[in-house]
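A.B. asks: Sharing a structure, written as structure tokens. Questions coming.
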Amino acid sequence: MSTHKDIIIIGGGAAGFFAAINIAEKHPELTVAILERGKEGLQKVKISGGGRCNVTHAEFIPSELVLNYPRGEKELLGPFHTFMTGDTMAWFEERGVELKIEEDGRMFPVSNSSQTIIDCFLNEAQKFKVEILYNHSVKSIIAEENGFSIATSQGTLECCKVVVATGSNPKIWKLLEELGHSIVQPVPSLFTFDIKDKRIEDIPGVVANNVEVKVLGTDLVSEGPLLITHVGVSAPAILKLSAFGAVELAKLNYNFKIEINFVRLDFITCVQQLKGFKQVFAKKSVLNSAQFDVPKRLWRQLVLASNIAETERWADITKQQLEDLTAQLTAAVFHVTGKSTFKEEFVTAGGVDLKEINFKTFESKRIPNLFFAGEVINIDAVTGGFNFQNAWTSAYIVAQSINDYL
């Protein structure tokens, strides 16, 4: 026996809840249900930002905000003019959740707890009579003349409109393919680089604040802080490369070389400055007098890699040693042999082909009354709250579009 709902949202994550609440608030006469395959929803919200939930990012200009989306930059420009960071802040604050901006631009609830966001969603869902059906794994989606028939592990439901907000879920992508959508094959995005190298193996925790990193043999380049870890390198300079290079690095099977400029100077400028230090610090040991704001422990490793002995003084180093040190500082090459997941972030590039979606409404161009929100489509972002902002914006516009239809 089947049950009828007006609107069914598949997926009880950030985008699913946001869409359901906004639809139900504007249309209390509609029956709105969320189908969640797990025994509880909002799991990514729970673990995001180390359990604090990085709700969005303090970037308030749409044309600047879109630059954080390796896939979706062009498509999100219009939607961000409709609903973006300031609207997100207002939405939560109207519901008693204050957000704060941290130094790096990331935004969190003042409570520093993701539970605040979860409680807000659950309260709003209850208030507007959104039905949340847990343990409902979707088996099939059939488009019918007047709506959809959705078979789940708990029975079949009929509805007029469907919102798919399942994130990176291969099973749902397969069902969408069966409905006639094209799926861009998923590859990991937002990951750290695995590197085994004598220069960095004993200095985990060291941060070089402003480096430039290039992936050799490609056009990929980024800049920013770099963190040396137990297994390789991480932090924004690397995460940006992993996001913007997601497809290219997958093709290289995560085996490639990177070149790091630790001092953001060209070779000639750097060698000239080192010659100056040779005069000024003549009697000091090179190993113990770090320059260019390079962290001391990293400096020592780069000096040793330049064939400069621990006891050698600036006055004693040769032209060749000076050039070797310049090469280590401006163009150190490291061999990347794999990737590791960044913290708890499981982000993929891939999903419903962007060409098949109307970005004024987030409705399918292939199947009427089928809508998408969040990462189920081929949009992903760098770390810092941007993936959530895509979830809020797409879900809000879906809610608005459904409202316009009724």
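Letters for chains follow the order of the structure tokens (A, B, ...), residue numbers begin at 1 for each chain, and ligand numbers begin at 1 in the order shown.
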Counting only C-alpha atoms, what are the residues of region 133-203 of chain A within 12 Å of region 392-405 of chain A, and for each of them which pair of atoms is the nearest and at what distance in Å, to one decimal? Sort the table by chain and rising number, as JSON lines.
C.D. replies:
```
{"residue": "A:Cys160", "atom": "CA", "partner": "A:Ile402", "partner_atom": "CA", "distance": 10.6}
{"residue": "A:Lys161", "atom": "CA", "partner": "A:Ile402", "partner_atom": "CA", "distance": 8.3}
{"residue": "A:Val162", "atom": "CA", "partner": "A:Ile402", "partner_atom": "CA", "distance": 9.9}
{"residue": "A:Val163", "atom": "CA", "partner": "A:Val398", "partner_atom": "CA", "distance": 7.9}
{"residue": "A:Val164", "atom": "CA", "partner": "A:Ala395", "partner_atom": "CA", "distance": 9.9}
{"residue": "A:Ala165", "atom": "CA", "partner": "A:Ala395", "partner_atom": "CA", "distance": 8.4}
{"residue": "A:Thr166", "atom": "CA", "partner": "A:Ala395", "partner_atom": "CA", "distance": 11.9}
```
A.B. asks: Could you make a table, as a Markdown table, of the residues of region 252-364 of chain A that have an atom within 12 Å of an atom of region 370-382 of chain A, each with its nearest atom pair and distance in Å to one decimal, counting only C-alpha atoms, in chain and number order?
C.D. replies:
```
| residue | atom | partner | partner_atom | distance |
| --- | --- | --- | --- | --- |
| A:Phe342 | CA | A:Val382 | CA | 11.3 |
| A:Glu345 | CA | A:Val382 | CA | 10.5 |
| A:Phe346 | CA | A:Asp380 | CA | 10.9 |
| A:Val347 | CA | A:Asp380 | CA | 7.2 |
| A:Thr348 | CA | A:Asp380 | CA | 6.9 |
| A:Ala349 | CA | A:Asp380 | CA | 5.9 |
| A:Gly350 | CA | A:Asn378 | CA | 4.5 |
| A:Gly351 | CA | A:Asn378 | CA | 4.2 |
| A:Val352 | CA | A:Ile377 | CA | 4.3 |
| A:Asp353 | CA | A:Asn378 | CA | 6.0 |
| A:Leu354 | CA | A:Asn378 | CA | 6.2 |
| A:Lys355 | CA | A:Asn378 | CA | 9.8 |
| A:Glu356 | CA | A:Ile377 | CA | 9.8 |
| A:Ile357 | CA | A:Phe372 | CA | 8.2 |
| A:Asn358 | CA | A:Phe371 | CA | 9.3 |
| A:Phe359 | CA | A:Phe372 | CA | 9.9 |
| A:Lys360 | CA | A:Phe371 | CA | 11.3 |
| A:Thr361 | CA | A:Phe371 | CA | 8.0 |
| A:Phe362 | CA | A:Phe371 | CA | 5.6 |
| A:Glu363 | CA | A:Phe371 | CA | 4.2 |
| A:Ser364 | CA | A:Leu370 | CA | 5.6 |
```
A.B. asks: Can you write out the residues you just picked, keeping N, CA and C atoms, as a PDB file, in the first residue's frame?
C.D. replies:
```pdb
ATOM      1  N   PHE A 342      41.057  14.730   4.302  1.00  0.00           N
ATOM      2  CA  PHE A 342      41.280  15.905   5.155  1.00  0.00           C
ATOM      3  C   PHE A 342      40.289  15.895   6.305  1.00  0.00           C
ATOM      4  N   GLU A 345      36.290  15.656   6.334  1.00  0.00           N
ATOM      5  CA  GLU A 345      35.616  16.147   5.128  1.00  0.00           C
ATOM      6  C   GLU A 345      35.607  15.073   4.046  1.00  0.00           C
ATOM      7  N   PHE A 346      34.426  14.580   3.689  1.00  0.00           N
ATOM      8  CA  PHE A 346      34.325  13.648   2.573  1.00  0.00           C
ATOM      9  C   PHE A 346      33.646  14.378   1.431  1.00  0.00           C
ATOM     10  N   VAL A 347      34.434  15.067   0.638  1.00  0.00           N
ATOM     11  CA  VAL A 347      33.868  15.853  -0.458  1.00  0.00           C
ATOM     12  C   VAL A 347      34.283  15.212  -1.769  1.00  0.00           C
ATOM     13  N   THR A 348      33.325  15.119  -2.699  1.00  0.00           N
ATOM     14  CA  THR A 348      33.696  14.603  -4.013  1.00  0.00           C
ATOM     15  C   THR A 348      33.306  15.599  -5.089  1.00  0.00           C
ATOM     16  N   ALA A 349      34.090  15.569  -6.160  1.00  0.00           N
ATOM     17  CA  ALA A 349      33.694  16.249  -7.394  1.00  0.00           C
ATOM     18  C   ALA A 349      32.912  15.212  -8.173  1.00  0.00           C
ATOM     19  N   GLY A 350      31.824  15.616  -8.800  1.00  0.00           N
ATOM     20  CA  GLY A 350      31.001  14.654  -9.540  1.00  0.00           C
ATOM     21  C   GLY A 350      29.547  14.815  -9.154  1.00  0.00           C
ATOM     22  N   GLY A 351      28.669  14.162  -9.922  1.00  0.00           N
ATOM     23  CA  GLY A 351      27.237  14.251  -9.627  1.00  0.00           C
ATOM     24  C   GLY A 351      26.445  14.586 -10.876  1.00  0.00           C
ATOM     25  N   VAL A 352      25.209  15.011 -10.682  1.00  0.00           N
ATOM     26  CA  VAL A 352      24.319  15.314 -11.809  1.00  0.00           C
ATOM     27  C   VAL A 352      24.946  16.407 -12.669  1.00  0.00           C
ATOM     28  N   ASP A 353      25.004  16.162 -13.963  1.00  0.00           N
ATOM     29  CA  ASP A 353      25.614  17.101 -14.910  1.00  0.00           C
ATOM     30  C   ASP A 353      24.928  18.467 -14.826  1.00  0.00           C
ATOM     31  N   LEU A 354      25.751  19.509 -14.682  1.00  0.00           N
ATOM     32  CA  LEU A 354      25.221  20.867 -14.487  1.00  0.00           C
ATOM     33  C   LEU A 354      24.394  21.352 -15.683  1.00  0.00           C
ATOM     34  N   LYS A 355      24.680  20.827 -16.848  1.00  0.00           N
ATOM     35  CA  LYS A 355      23.944  21.261 -18.057  1.00  0.00           C
ATOM     36  C   LYS A 355      22.476  20.822 -18.021  1.00  0.00           C
ATOM     37  N   GLU A 356      22.169  19.872 -17.145  1.00  0.00           N
ATOM     38  CA  GLU A 356      20.811  19.306 -17.106  1.00  0.00           C
ATOM     39  C   GLU A 356      19.949  19.919 -16.001  1.00  0.00           C
ATOM     40  N   ILE A 357      20.419  21.037 -15.441  1.00  0.00           N
ATOM     41  CA  ILE A 357      19.699  21.685 -14.337  1.00  0.00           C
ATOM     42  C   ILE A 357      19.431  23.146 -14.690  1.00  0.00           C
ATOM     43  N   ASN A 358      18.222  23.597 -14.365  1.00  0.00           N
ATOM     44  CA  ASN A 358      17.879  25.016 -14.525  1.00  0.00           C
ATOM     45  C   ASN A 358      18.262  25.728 -13.224  1.00  0.00           C
ATOM     46  N   PHE A 359      19.296  26.573 -13.272  1.00  0.00           N
ATOM     47  CA  PHE A 359      19.808  27.175 -12.039  1.00  0.00           C
ATOM     48  C   PHE A 359      18.985  28.353 -11.526  1.00  0.00           C
ATOM     49  N   LYS A 360      17.912  28.693 -12.256  1.00  0.00           N
ATOM     50  CA  LYS A 360      16.976  29.685 -11.700  1.00  0.00           C
ATOM     51  C   LYS A 360      16.064  29.018 -10.676  1.00  0.00           C
ATOM     52  N   THR A 361      15.868  27.696 -10.838  1.00  0.00           N
ATOM     53  CA  THR A 361      14.921  26.959  -9.986  1.00  0.00           C
ATOM     54  C   THR A 361      15.527  25.721  -9.321  1.00  0.00           C
ATOM     55  N   PHE A 362      16.677  25.261  -9.807  1.00  0.00           N
ATOM     56  CA  PHE A 362      17.298  23.990  -9.415  1.00  0.00           C
ATOM     57  C   PHE A 362      16.403  22.798  -9.771  1.00  0.00           C
ATOM     58  N   GLU A 363      15.585  22.986 -10.805  1.00  0.00           N
ATOM     59  CA  GLU A 363      14.751  21.887 -11.301  1.00  0.00           C
ATOM     60  C   GLU A 363      15.469  21.183 -12.443  1.00  0.00           C
ATOM     61  N   SER A 364      15.203  19.904 -12.562  1.00  0.00           N
ATOM     62  CA  SER A 364      15.749  19.121 -13.666  1.00  0.00           C
ATOM     63  C   SER A 364      15.202  19.632 -14.995  1.00  0.00           C
TER      64      SER A 364
END
```
A.B. asks: For Ala151 (chain A), please output as an MDAnalysis selection string all residues within 7 Å (counting only C-alpha atoms; exclusion window: fewer than 4 positions along the same chain).
C.D. replies: chainID A and resid 138:141 155:157
A.B. asks: Using C-alpha atoms, can you export the residues from the last selection as a CSV table (one decimal), in the first residue's frame?
C.D. replies:
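What ended up in part.csv:
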```csv
chain,number,residue,atom,x,y,z
A,138,VAL,CA,15.2,4.6,-1.4
A,139,LYS,CA,15.2,1.6,-3.9
A,140,SER,CA,13.6,3.2,-6.9
A,141,ILE,CA,12.2,6.5,-8.2
A,155,GLY,CA,7.2,0.6,1.5
A,156,THR,CA,6.1,2.9,-1.4
A,157,LEU,CA,5.2,6.5,-1.3
```
A.B. asks: Got a sec: who's within 9 Å of Cys120 (chain A), counting only C-alpha atoms, leaving out chain neighbours fewer than 4 positions off, as a compact mmCIF listing (two decimals) with N, CA and C atoms, in the first residue's frame?
C.D. replies:
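File produced: out38.txt:
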```
# COMPACT_ATOMS: atom_id res chain seq x y z
N PHE A 92 19.37 32.08 10.23
CA PHE A 92 19.66 31.43 11.52
C PHE A 92 19.37 32.37 12.69
N ARG A 95 15.96 32.61 13.90
CA ARG A 95 15.54 31.41 14.62
C ARG A 95 16.37 31.19 15.88
N GLY A 96 17.00 32.26 16.34
CA GLY A 96 17.70 32.22 17.63
C GLY A 96 19.10 31.65 17.61
N VAL A 97 19.68 31.45 16.41
CA VAL A 97 21.05 30.92 16.33
C VAL A 97 21.97 32.03 15.84
N GLN A 115 25.50 20.95 17.47
CA GLN A 115 24.20 20.53 18.00
C GLN A 115 23.20 21.70 17.96
N THR A 116 23.70 22.92 18.08
CA THR A 116 22.84 24.12 18.00
C THR A 116 22.13 24.17 16.64
N GLU A 124 12.49 23.43 13.94
CA GLU A 124 11.77 24.05 12.82
C GLU A 124 10.95 23.00 12.05
N ALA A 125 11.55 21.84 11.86
CA ALA A 125 10.85 20.76 11.15
C ALA A 125 9.59 20.35 11.91
```
A.B. asks: Can you pull out the residues contacting region 270-284 of chain A? Cut-off 12 Å, using only C-alpha atoms, and skip same-chain residues under 6 positions away; I want them as a ChimeraX atom specification.
C.D. replies: /A:261-264,290-292,310-331
A.B. asks: Could you turn the residues from that selection into a file that holds N, CA and C atoms, as a short mmCIF file (atom, residue, chain, number, x, y, z; two decimals), in the first residue's frame?
C.D. replies:
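And here is the file that came out, selection06.cif:
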```cif
data_model
loop_
_atom_site.label_atom_id
_atom_site.label_comp_id
_atom_site.auth_asym_id
_atom_site.auth_seq_id
_atom_site.Cartn_x
_atom_site.Cartn_y
_atom_site.Cartn_z
N ASN A 261 57.62 26.85 -3.44
CA ASN A 261 58.43 28.06 -3.22
C ASN A 261 58.10 28.55 -1.81
N PHE A 262 59.00 28.28 -0.87
CA PHE A 262 58.74 28.59 0.54
C PHE A 262 58.87 30.09 0.84
N VAL A 263 59.52 30.84 -0.05
CA VAL A 263 59.80 32.25 0.26
C VAL A 263 59.12 33.23 -0.70
N ARG A 264 58.41 32.68 -1.72
CA ARG A 264 57.68 33.51 -2.69
C ARG A 264 58.60 34.53 -3.36
N ALA A 290 67.84 31.15 10.78
CA ALA A 290 66.75 31.08 9.77
C ALA A 290 66.41 32.47 9.25
N GLN A 291 66.13 32.54 7.95
CA GLN A 291 65.78 33.82 7.31
C GLN A 291 64.42 33.71 6.61
N PHE A 292 63.94 34.85 6.11
CA PHE A 292 62.68 34.93 5.31
C PHE A 292 61.45 34.46 6.09
N GLU A 310 76.31 21.15 9.54
CA GLU A 310 75.70 21.77 10.73
C GLU A 310 76.55 22.91 11.29
N THR A 311 77.86 22.78 11.18
CA THR A 311 78.75 23.76 11.82
C THR A 311 79.18 24.89 10.88
N GLU A 312 78.83 24.79 9.60
CA GLU A 312 79.32 25.79 8.64
C GLU A 312 78.73 27.18 8.90
N ARG A 313 79.63 28.18 8.78
CA ARG A 313 79.21 29.56 8.98
C ARG A 313 78.88 30.20 7.63
N TRP A 314 78.13 31.27 7.69
CA TRP A 314 77.75 31.98 6.45
C TRP A 314 79.00 32.34 5.63
N ALA A 315 80.05 32.80 6.32
CA ALA A 315 81.26 33.24 5.61
C ALA A 315 81.90 32.12 4.80
N ASP A 316 81.68 30.87 5.24
CA ASP A 316 82.40 29.75 4.63
C ASP A 316 81.66 29.06 3.48
N ILE A 317 80.38 29.38 3.28
CA ILE A 317 79.65 28.60 2.26
C ILE A 317 80.01 29.07 0.85
N THR A 318 80.05 28.08 -0.03
CA THR A 318 80.48 28.34 -1.42
C THR A 318 79.31 28.86 -2.26
N LYS A 319 79.67 29.31 -3.45
CA LYS A 319 78.66 29.79 -4.41
C LYS A 319 77.67 28.66 -4.72
N GLN A 320 78.19 27.44 -4.89
CA GLN A 320 77.33 26.29 -5.21
C GLN A 320 76.35 26.00 -4.07
N GLN A 321 76.86 26.03 -2.84
CA GLN A 321 75.98 25.80 -1.67
C GLN A 321 74.89 26.87 -1.58
N LEU A 322 75.28 28.10 -1.87
CA LEU A 322 74.33 29.21 -1.84
C LEU A 322 73.22 28.99 -2.88
N GLU A 323 73.62 28.53 -4.06
CA GLU A 323 72.63 28.27 -5.12
C GLU A 323 71.76 27.06 -4.78
N ASP A 324 72.37 26.05 -4.14
CA ASP A 324 71.59 24.88 -3.73
C ASP A 324 70.53 25.27 -2.69
N LEU A 325 70.93 26.15 -1.76
CA LEU A 325 69.98 26.61 -0.73
C LEU A 325 68.87 27.44 -1.38
N THR A 326 69.25 28.26 -2.35
CA THR A 326 68.24 29.06 -3.07
C THR A 326 67.23 28.14 -3.76
N ALA A 327 67.73 27.06 -4.37
CA ALA A 327 66.84 26.10 -5.06
C ALA A 327 65.88 25.45 -4.06
N GLN A 328 66.41 25.10 -2.88
CA GLN A 328 65.54 24.49 -1.85
C GLN A 328 64.47 25.47 -1.37
N LEU A 329 64.82 26.74 -1.28
CA LEU A 329 63.88 27.74 -0.77
C LEU A 329 62.83 28.15 -1.81
N THR A 330 63.25 28.18 -3.09
CA THR A 330 62.34 28.72 -4.12
C THR A 330 61.70 27.67 -5.01
N ALA A 331 62.30 26.47 -5.06
CA ALA A 331 61.77 25.46 -6.00
C ALA A 331 62.06 24.05 -5.50
#
```
